[in-house]
Amino acid sequence: MAGERSSGTGRLLTGVAWAVLLVGLWLWGKDVTSGPFGTGAPTTGDVAAVGRPVLGIALPDPHDPIGPARPSRVEFPSIGVTAPVVARGLDGDGAVDPPPFDTPQTVGWYERGAQPGEDGAALLVGHVDTRTKPAVFYGLSSARPGDKVNVSRADGKVTEFTVEDVQVVDRDAFDAKKVYGQHRPGRAELRLITCGGTFDKEAGAYTANVVVSAYLTDVHKPSAA
């Protein structure tokens with residue numbers, strides 16, 4: 001599971017860099033994250049159909065997508081995350097650039113993809129740990145269907161997403177379109193991604209990725225002045 005680590009290993013933060021490198025190699029952009037890629041079976045994990053019971057939980061109906069606005073903050077109460085969101089682009093190697101190593105409690109949003117709340121799948125990435133301590137998405141693998149994720153936006157609105165699926169995807173079976181593509185046409189979706197599996201010292205990377213999929217279920221309007 002993500003977050004398994006041995007103290008004193010001194011390993012570098014290469015896992016999430018590997019994850020976002022795959023995204024870069026698949027030429028992530030609006031054309032990828034805004035369109036559906038079908039509902040084929042994922043590599044691992046259970047697929048939660050909206051409105052059907054998942055582990056005894058009936059998931060709510062989706063909220064209609066809203067207009068675009070840049071994300072500024074993400075709150076994931078069930079795993080104890082409250083973090084700023086910063087826009088990230090591609091680095092010199094064509095990979096999505098994660099948050100800087102010296103800000104491990106910051107979440108990166110791929111700004112060339114969908115914006116949280118609009119039609120498409122918005123992509124949020126974060127480190128799982130540092131050389132010495134947990135980072136922002138250390139607890140991501142403990143997320144469960146039905147959990148809520150709130151993303152505050154620059155327009156003052158708070159978009160509420162409901163988790164429908166949690167997967168640990170082995171890097172050898174990674175399919176960027178299935179993992180990050182929109183699961184259902186016409187929905188506003190969210191992907192939260194970090195490293196998972198175990199840390200392969202020889203390869204200098206994690207063996208898998210944790211991918212949490214959520215969809216828009218509510219929008220809180222700005223409070224009156």
# chains A, B, ... in the order shown; residues from 1 in each chain; ligands from 1

call {"tool": "residues_around", "arguments": {"residues": "A:Pro104", "least_positions_apart": "3", "cutoff": "10 Å", "atoms": "only C-alpha atoms", "output": "ChimeraX atom specification"}}
result
/A:13,83,98-101,107,126-130,133-137

call {"tool": "write_last_selection", "arguments": {"atoms": "N, CA and C atoms", "output": "compact mmCIF listing (two decimals), in the first residue's frame"}}
result
# COMPACT_ATOMS: atom_id res chain seq x y z
N LEU A 13 12.58 11.54 -3.65
CA LEU A 13 11.17 11.61 -4.05
C LEU A 13 11.02 11.32 -5.54
N ALA A 83 -4.64 21.34 2.18
CA ALA A 83 -3.40 21.77 1.53
C ALA A 83 -3.66 22.77 0.43
N PRO A 98 5.81 18.09 -10.70
CA PRO A 98 5.15 18.03 -9.39
C PRO A 98 5.54 19.22 -8.53
N PRO A 99 4.89 19.39 -7.39
CA PRO A 99 5.29 20.47 -6.48
C PRO A 99 6.77 20.32 -6.10
N PRO A 100 7.43 21.41 -5.78
CA PRO A 100 8.85 21.33 -5.41
C PRO A 100 9.08 20.41 -4.22
N PHE A 101 10.24 19.80 -4.17
CA PHE A 101 10.57 18.87 -3.09
C PHE A 101 10.54 19.55 -1.71
N VAL A 107 -0.16 20.42 -3.01
CA VAL A 107 -0.72 19.58 -4.06
C VAL A 107 -0.56 20.30 -5.40
N GLY A 126 0.44 14.60 -5.72
CA GLY A 126 1.14 14.97 -4.51
C GLY A 126 2.14 13.90 -4.10
N HIS A 127 3.16 14.31 -3.37
CA HIS A 127 4.16 13.36 -2.88
C HIS A 127 3.58 12.50 -1.76
N VAL A 128 4.07 11.27 -1.66
CA VAL A 128 3.65 10.37 -0.58
C VAL A 128 4.53 10.53 0.66
N ASP A 129 5.81 10.80 0.47
CA ASP A 129 6.70 11.01 1.61
C ASP A 129 7.95 11.77 1.17
N THR A 130 8.75 12.11 2.15
CA THR A 130 10.05 12.74 1.91
C THR A 130 11.12 11.77 2.38
N LYS A 133 9.87 11.97 6.42
CA LYS A 133 8.52 12.03 6.99
C LYS A 133 7.45 11.94 5.92
N PRO A 134 6.21 11.70 6.34
CA PRO A 134 5.11 11.63 5.37
C PRO A 134 4.89 12.96 4.67
N ALA A 135 4.40 12.91 3.44
CA ALA A 135 4.05 14.10 2.68
C ALA A 135 2.53 14.17 2.54
N VAL A 136 2.05 15.08 1.71
CA VAL A 136 0.64 15.44 1.69
C VAL A 136 -0.30 14.27 1.39
N PHE A 137 0.08 13.37 0.49
CA PHE A 137 -0.80 12.27 0.11
C PHE A 137 -0.37 10.94 0.72

call {"tool": "residues_around", "arguments": {"residues": "A:Leu216", "least_positions_apart": "2", "cutoff": "12 Å", "atoms": "only C-alpha atoms", "output": "VMD selection string"}}
result
chain A and resid 50 59 to 66 115 to 122 146 148 to 151 158 to 164 184 186 to 191 213 to 214 218 to 220

call {"tool": "write_last_selection", "arguments": {"atoms": "N, CA and C atoms", "output": "compact mmCIF listing (two decimals), in the first residue's frame"}}
result
# COMPACT_ATOMS: atom_id res chain seq x y z
N VAL A 50 -22.25 4.94 -10.12
CA VAL A 50 -22.97 5.98 -9.38
C VAL A 50 -24.40 5.53 -9.12
N LEU A 59 -23.93 5.77 -3.35
CA LEU A 59 -23.28 7.01 -3.76
C LEU A 59 -24.31 7.99 -4.32
N PRO A 60 -24.12 9.28 -4.09
CA PRO A 60 -25.08 10.28 -4.55
C PRO A 60 -25.04 10.50 -6.06
N ASP A 61 -26.09 11.12 -6.57
CA ASP A 61 -26.12 11.48 -7.99
C ASP A 61 -25.10 12.58 -8.26
N PRO A 62 -24.58 12.63 -9.48
CA PRO A 62 -23.62 13.69 -9.81
C PRO A 62 -24.29 15.05 -9.93
N HIS A 63 -23.53 16.07 -9.61
CA HIS A 63 -23.96 17.45 -9.82
C HIS A 63 -23.54 17.85 -11.23
N ASP A 64 -24.33 18.68 -11.87
CA ASP A 64 -23.96 19.16 -13.20
C ASP A 64 -22.63 19.91 -13.15
N PRO A 65 -21.80 19.74 -14.16
CA PRO A 65 -20.54 20.51 -14.22
C PRO A 65 -20.82 22.01 -14.21
N ILE A 66 -19.86 22.76 -13.72
CA ILE A 66 -19.97 24.22 -13.70
C ILE A 66 -18.84 24.82 -14.52
N GLN A 115 -10.27 21.88 -15.15
CA GLN A 115 -10.29 22.58 -13.86
C GLN A 115 -11.37 21.95 -12.99
N PRO A 116 -11.10 21.73 -11.70
CA PRO A 116 -12.07 21.04 -10.84
C PRO A 116 -13.45 21.70 -10.88
N GLY A 117 -14.46 20.91 -11.25
CA GLY A 117 -15.82 21.40 -11.32
C GLY A 117 -16.35 21.47 -12.73
N GLU A 118 -15.45 21.55 -13.72
CA GLU A 118 -15.91 21.59 -15.10
C GLU A 118 -15.92 20.18 -15.70
N ASP A 119 -16.61 20.04 -16.82
CA ASP A 119 -16.71 18.76 -17.51
C ASP A 119 -15.31 18.25 -17.84
N GLY A 120 -15.00 17.04 -17.40
CA GLY A 120 -13.68 16.46 -17.63
C GLY A 120 -13.09 15.94 -16.33
N ALA A 121 -11.88 15.44 -16.41
CA ALA A 121 -11.20 14.89 -15.24
C ALA A 121 -10.03 15.79 -14.86
N ALA A 122 -10.13 16.45 -13.71
CA ALA A 122 -9.06 17.30 -13.21
C ALA A 122 -8.03 16.44 -12.47
N GLY A 146 -17.33 7.02 -1.04
CA GLY A 146 -18.22 7.79 -0.19
C GLY A 146 -17.54 8.93 0.52
N LYS A 148 -15.57 12.42 1.07
CA LYS A 148 -15.73 13.70 0.42
C LYS A 148 -14.39 14.42 0.24
N VAL A 149 -14.26 15.07 -0.89
CA VAL A 149 -13.08 15.90 -1.18
C VAL A 149 -13.59 17.27 -1.61
N ASN A 150 -13.16 18.31 -0.93
CA ASN A 150 -13.58 19.66 -1.25
C ASN A 150 -12.42 20.43 -1.90
N VAL A 151 -12.71 21.03 -3.03
CA VAL A 151 -11.71 21.84 -3.73
C VAL A 151 -12.21 23.27 -3.81
N VAL A 158 -16.79 26.36 -3.66
CA VAL A 158 -16.17 25.14 -3.17
C VAL A 158 -16.86 23.97 -3.85
N THR A 159 -16.10 23.21 -4.61
CA THR A 159 -16.65 22.06 -5.32
C THR A 159 -16.45 20.81 -4.45
N GLU A 160 -17.54 20.11 -4.21
CA GLU A 160 -17.49 18.91 -3.38
C GLU A 160 -17.54 17.67 -4.27
N PHE A 161 -16.55 16.83 -4.12
CA PHE A 161 -16.46 15.59 -4.89
C PHE A 161 -16.65 14.39 -3.96
N THR A 162 -17.26 13.34 -4.48
CA THR A 162 -17.44 12.10 -3.73
C THR A 162 -16.57 11.00 -4.34
N VAL A 163 -15.79 10.34 -3.51
CA VAL A 163 -14.92 9.26 -3.97
C VAL A 163 -15.78 8.07 -4.41
N GLU A 164 -15.47 7.56 -5.59
CA GLU A 164 -16.19 6.38 -6.07
C GLU A 164 -15.27 5.17 -6.26
N ARG A 184 -17.03 8.89 -17.12
CA ARG A 184 -18.38 9.00 -17.67
C ARG A 184 -18.54 10.34 -18.36
N GLY A 186 -19.82 13.84 -19.62
CA GLY A 186 -20.70 14.85 -19.05
C GLY A 186 -20.53 15.08 -17.57
N ARG A 187 -19.58 14.40 -16.93
CA ARG A 187 -19.36 14.60 -15.49
C ARG A 187 -18.12 15.44 -15.23
N ALA A 188 -18.13 16.13 -14.09
CA ALA A 188 -16.93 16.78 -13.57
C ALA A 188 -16.27 15.78 -12.63
N GLU A 189 -15.05 15.39 -12.94
CA GLU A 189 -14.37 14.35 -12.17
C GLU A 189 -13.04 14.85 -11.63
N LEU A 190 -12.52 14.10 -10.66
CA LEU A 190 -11.27 14.45 -10.00
C LEU A 190 -10.44 13.19 -9.86
N ARG A 191 -9.14 13.31 -10.13
CA ARG A 191 -8.19 12.23 -9.86
C ARG A 191 -7.14 12.76 -8.89
N SER A 213 -10.42 8.15 -7.55
CA SER A 213 -11.32 8.77 -8.51
C SER A 213 -12.56 9.29 -7.78
N ALA A 214 -12.93 10.53 -8.09
CA ALA A 214 -14.10 11.14 -7.45
C ALA A 214 -14.87 11.93 -8.51
N ASP A 218 -21.64 18.29 -5.35
CA ASP A 218 -22.25 19.50 -4.77
C ASP A 218 -21.35 20.69 -5.04
N VAL A 219 -21.95 21.87 -4.99
CA VAL A 219 -21.20 23.12 -5.15
C VAL A 219 -21.70 24.09 -4.10
N HIS A 220 -20.77 24.59 -3.28
CA HIS A 220 -21.12 25.57 -2.25
C HIS A 220 -20.83 26.95 -2.80

call {"tool": "select_by_dssp", "arguments": {"residues": "stretch 84-125 of chain A", "states": "strand (DSSP E)", "output": "number ranges by chain"}}
result
A: 84-88, 107-110, 120-125

call {"tool": "write_last_selection", "arguments": {"atoms": "N, CA and C atoms", "output": "PDB file, in the first residue's frame"}}
result
ATOM      1  N   PRO A  84      -2.700  23.671   0.207  1.00  0.00           N
ATOM      2  CA  PRO A  84      -2.806  24.578  -0.941  1.00  0.00           C
ATOM      3  C   PRO A  84      -2.585  23.820  -2.239  1.00  0.00           C
ATOM      4  N   VAL A  85      -3.185  24.345  -3.296  1.00  0.00           N
ATOM      5  CA  VAL A  85      -3.018  23.758  -4.625  1.00  0.00           C
ATOM      6  C   VAL A  85      -2.295  24.765  -5.511  1.00  0.00           C
ATOM      7  N   VAL A  86      -1.271  24.300  -6.194  1.00  0.00           N
ATOM      8  CA  VAL A  86      -0.523  25.165  -7.100  1.00  0.00           C
ATOM      9  C   VAL A  86      -0.579  24.593  -8.509  1.00  0.00           C
ATOM     10  N   ALA A  87      -0.643  25.478  -9.486  1.00  0.00           N
ATOM     11  CA  ALA A  87      -0.680  25.056 -10.885  1.00  0.00           C
ATOM     12  C   ALA A  87       0.697  24.559 -11.302  1.00  0.00           C
ATOM     13  N   ARG A  88       0.712  23.484 -12.066  1.00  0.00           N
ATOM     14  CA  ARG A  88       1.958  22.929 -12.569  1.00  0.00           C
ATOM     15  C   ARG A  88       1.829  22.654 -14.061  1.00  0.00           C
ATOM     16  N   VAL A 107      -0.155  20.418  -3.010  1.00  0.00           N
ATOM     17  CA  VAL A 107      -0.718  19.576  -4.064  1.00  0.00           C
ATOM     18  C   VAL A 107      -0.561  20.299  -5.397  1.00  0.00           C
ATOM     19  N   GLY A 108      -0.183  19.556  -6.421  1.00  0.00           N
ATOM     20  CA  GLY A 108      -0.042  20.125  -7.749  1.00  0.00           C
ATOM     21  C   GLY A 108      -1.249  19.814  -8.617  1.00  0.00           C
ATOM     22  N   TRP A 109      -1.697  20.815  -9.364  1.00  0.00           N
ATOM     23  CA  TRP A 109      -2.802  20.634 -10.322  1.00  0.00           C
ATOM     24  C   TRP A 109      -2.249  20.834 -11.721  1.00  0.00           C
ATOM     25  N   TYR A 110      -2.542  19.910 -12.628  1.00  0.00           N
ATOM     26  CA  TYR A 110      -2.068  20.022 -13.999  1.00  0.00           C
ATOM     27  C   TYR A 110      -2.931  21.033 -14.740  1.00  0.00           C
ATOM     28  N   GLY A 120     -14.999  17.037 -17.398  1.00  0.00           N
ATOM     29  CA  GLY A 120     -13.684  16.461 -17.628  1.00  0.00           C
ATOM     30  C   GLY A 120     -13.092  15.939 -16.334  1.00  0.00           C
ATOM     31  N   ALA A 121     -11.881  15.437 -16.411  1.00  0.00           N
ATOM     32  CA  ALA A 121     -11.198  14.888 -15.241  1.00  0.00           C
ATOM     33  C   ALA A 121     -10.030  15.787 -14.859  1.00  0.00           C
ATOM     34  N   ALA A 122     -10.133  16.446 -13.713  1.00  0.00           N
ATOM     35  CA  ALA A 122      -9.056  17.300 -13.208  1.00  0.00           C
ATOM     36  C   ALA A 122      -8.032  16.436 -12.474  1.00  0.00           C
ATOM     37  N   LEU A 123      -6.777  16.744 -12.650  1.00  0.00           N
ATOM     38  CA  LEU A 123      -5.694  15.917 -12.121  1.00  0.00           C
ATOM     39  C   LEU A 123      -4.946  16.627 -11.007  1.00  0.00           C
ATOM     40  N   LEU A 124      -4.912  16.005  -9.816  1.00  0.00           N
ATOM     41  CA  LEU A 124      -4.159  16.516  -8.671  1.00  0.00           C
ATOM     42  C   LEU A 124      -3.096  15.489  -8.291  1.00  0.00           C
ATOM     43  N   VAL A 125      -1.854  15.932  -8.135  1.00  0.00           N
ATOM     44  CA  VAL A 125      -0.765  15.030  -7.773  1.00  0.00           C
ATOM     45  C   VAL A 125      -0.079  15.534  -6.506  1.00  0.00           C
TER      46      VAL A 125
END

call {"tool": "closest_residue", "arguments": {"among": "A:Glu111, A:Asp97, A:Asp200, A:Glu75", "to": "A:Arg171", "atoms": "only C-alpha atoms"}}
result
A:Asp200

call {"tool": "closest_residue", "arguments": {"among": "A:Ala143, A:Ala154, A:Ala58, A:Val74", "to": "A:Val211", "atoms": "only C-alpha atoms"}}
result
A:Ala143

call {"tool": "closest_residue", "arguments": {"among": "A:Lys178, A:Asp147, A:Arg70, A:Gly204", "to": "A:Thr217", "atoms": "only C-alpha atoms"}}
result
A:Asp147

call {"tool": "closest_residue", "arguments": {"among": "A:Ala69, A:Lys221, A:Val168, A:Gly156", "to": "A:Ser142", "atoms": "only C-alpha atoms"}}
result
A:Val168

call {"tool": "atom_distance", "arguments": {"atom1": "atom CA of A:Asp165", "atom2": "atom CA of A:Tyr138"}}
result
17.5 Å

call {"tool": "select_by_dssp", "arguments": {"residues": "stretch 155-213 of chain A", "states": "alpha helix (DSSP H)", "output": "ChimeraX atom specification"}}
result
/A:176-180

call {"tool": "write_last_selection", "arguments": {"atoms": "all heavy atoms", "output": "PDB file, in the first residue's frame"}}
result
ATOM      1  N   ALA A 176      -2.563   5.051 -19.043  1.00  0.00           N
ATOM      2  CA  ALA A 176      -2.863   6.442 -18.705  1.00  0.00           C
ATOM      3  C   ALA A 176      -4.281   6.834 -19.085  1.00  0.00           C
ATOM      4  O   ALA A 176      -4.943   7.580 -18.367  1.00  0.00           O
ATOM      5  CB  ALA A 176      -1.860   7.375 -19.380  1.00  0.00           C
ATOM      6  N   LYS A 177      -4.769   6.358 -20.215  1.00  0.00           N
ATOM      7  CA  LYS A 177      -6.107   6.742 -20.645  1.00  0.00           C
ATOM      8  C   LYS A 177      -7.182   6.188 -19.710  1.00  0.00           C
ATOM      9  O   LYS A 177      -8.141   6.878 -19.378  1.00  0.00           O
ATOM     10  CB  LYS A 177      -6.349   6.279 -22.080  1.00  0.00           C
ATOM     11  CG  LYS A 177      -5.526   7.051 -23.106  1.00  0.00           C
ATOM     12  CD  LYS A 177      -5.905   6.679 -24.524  1.00  0.00           C
ATOM     13  CE  LYS A 177      -5.132   7.510 -25.532  1.00  0.00           C
ATOM     14  NZ  LYS A 177      -5.514   7.183 -26.931  1.00  0.00           N
ATOM     15  N   LYS A 178      -7.024   4.942 -19.287  1.00  0.00           N
ATOM     16  CA  LYS A 178      -8.009   4.363 -18.375  1.00  0.00           C
ATOM     17  C   LYS A 178      -7.925   4.990 -16.996  1.00  0.00           C
ATOM     18  O   LYS A 178      -8.932   5.230 -16.343  1.00  0.00           O
ATOM     19  CB  LYS A 178      -7.808   2.847 -18.268  1.00  0.00           C
ATOM     20  CG  LYS A 178      -8.315   2.069 -19.474  1.00  0.00           C
ATOM     21  CD  LYS A 178      -8.187   0.586 -19.223  1.00  0.00           C
ATOM     22  CE  LYS A 178      -8.720  -0.215 -20.413  1.00  0.00           C
ATOM     23  NZ  LYS A 178      -8.608  -1.676 -20.175  1.00  0.00           N
ATOM     24  N   VAL A 179      -6.715   5.235 -16.541  1.00  0.00           N
ATOM     25  CA  VAL A 179      -6.543   5.750 -15.190  1.00  0.00           C
ATOM     26  C   VAL A 179      -6.980   7.201 -15.081  1.00  0.00           C
ATOM     27  O   VAL A 179      -7.681   7.582 -14.146  1.00  0.00           O
ATOM     28  CB  VAL A 179      -5.072   5.601 -14.739  1.00  0.00           C
ATOM     29  CG1 VAL A 179      -4.833   6.336 -13.424  1.00  0.00           C
ATOM     30  CG2 VAL A 179      -4.719   4.121 -14.582  1.00  0.00           C
ATOM     31  N   TYR A 180      -6.572   8.023 -16.036  1.00  0.00           N
ATOM     32  CA  TYR A 180      -6.803   9.447 -15.915  1.00  0.00           C
ATOM     33  C   TYR A 180      -7.910  10.000 -16.808  1.00  0.00           C
ATOM     34  O   TYR A 180      -8.323  11.142 -16.642  1.00  0.00           O
ATOM     35  CB  TYR A 180      -5.511  10.218 -16.215  1.00  0.00           C
ATOM     36  CG  TYR A 180      -4.397   9.887 -15.253  1.00  0.00           C
ATOM     37  CD1 TYR A 180      -3.272   9.202 -15.678  1.00  0.00           C
ATOM     38  CD2 TYR A 180      -4.486  10.248 -13.917  1.00  0.00           C
ATOM     39  CE1 TYR A 180      -2.250   8.894 -14.791  1.00  0.00           C
ATOM     40  CE2 TYR A 180      -3.467   9.947 -13.029  1.00  0.00           C
ATOM     41  CZ  TYR A 180      -2.349   9.270 -13.477  1.00  0.00           C
ATOM     42  OH  TYR A 180      -1.351   8.973 -12.602  1.00  0.00           O
TER      43      TYR A 180
END

call {"tool": "atom_distance", "arguments": {"atom1": "atom CA of A:Lys157", "atom2": "atom CA of A:Arg112"}}
result
20.5 Å

call {"tool": "atom_distance", "arguments": {"atom1": "atom CA of A:Cys195", "atom2": "atom CA of A:Phe174"}}
result
12.6 Å
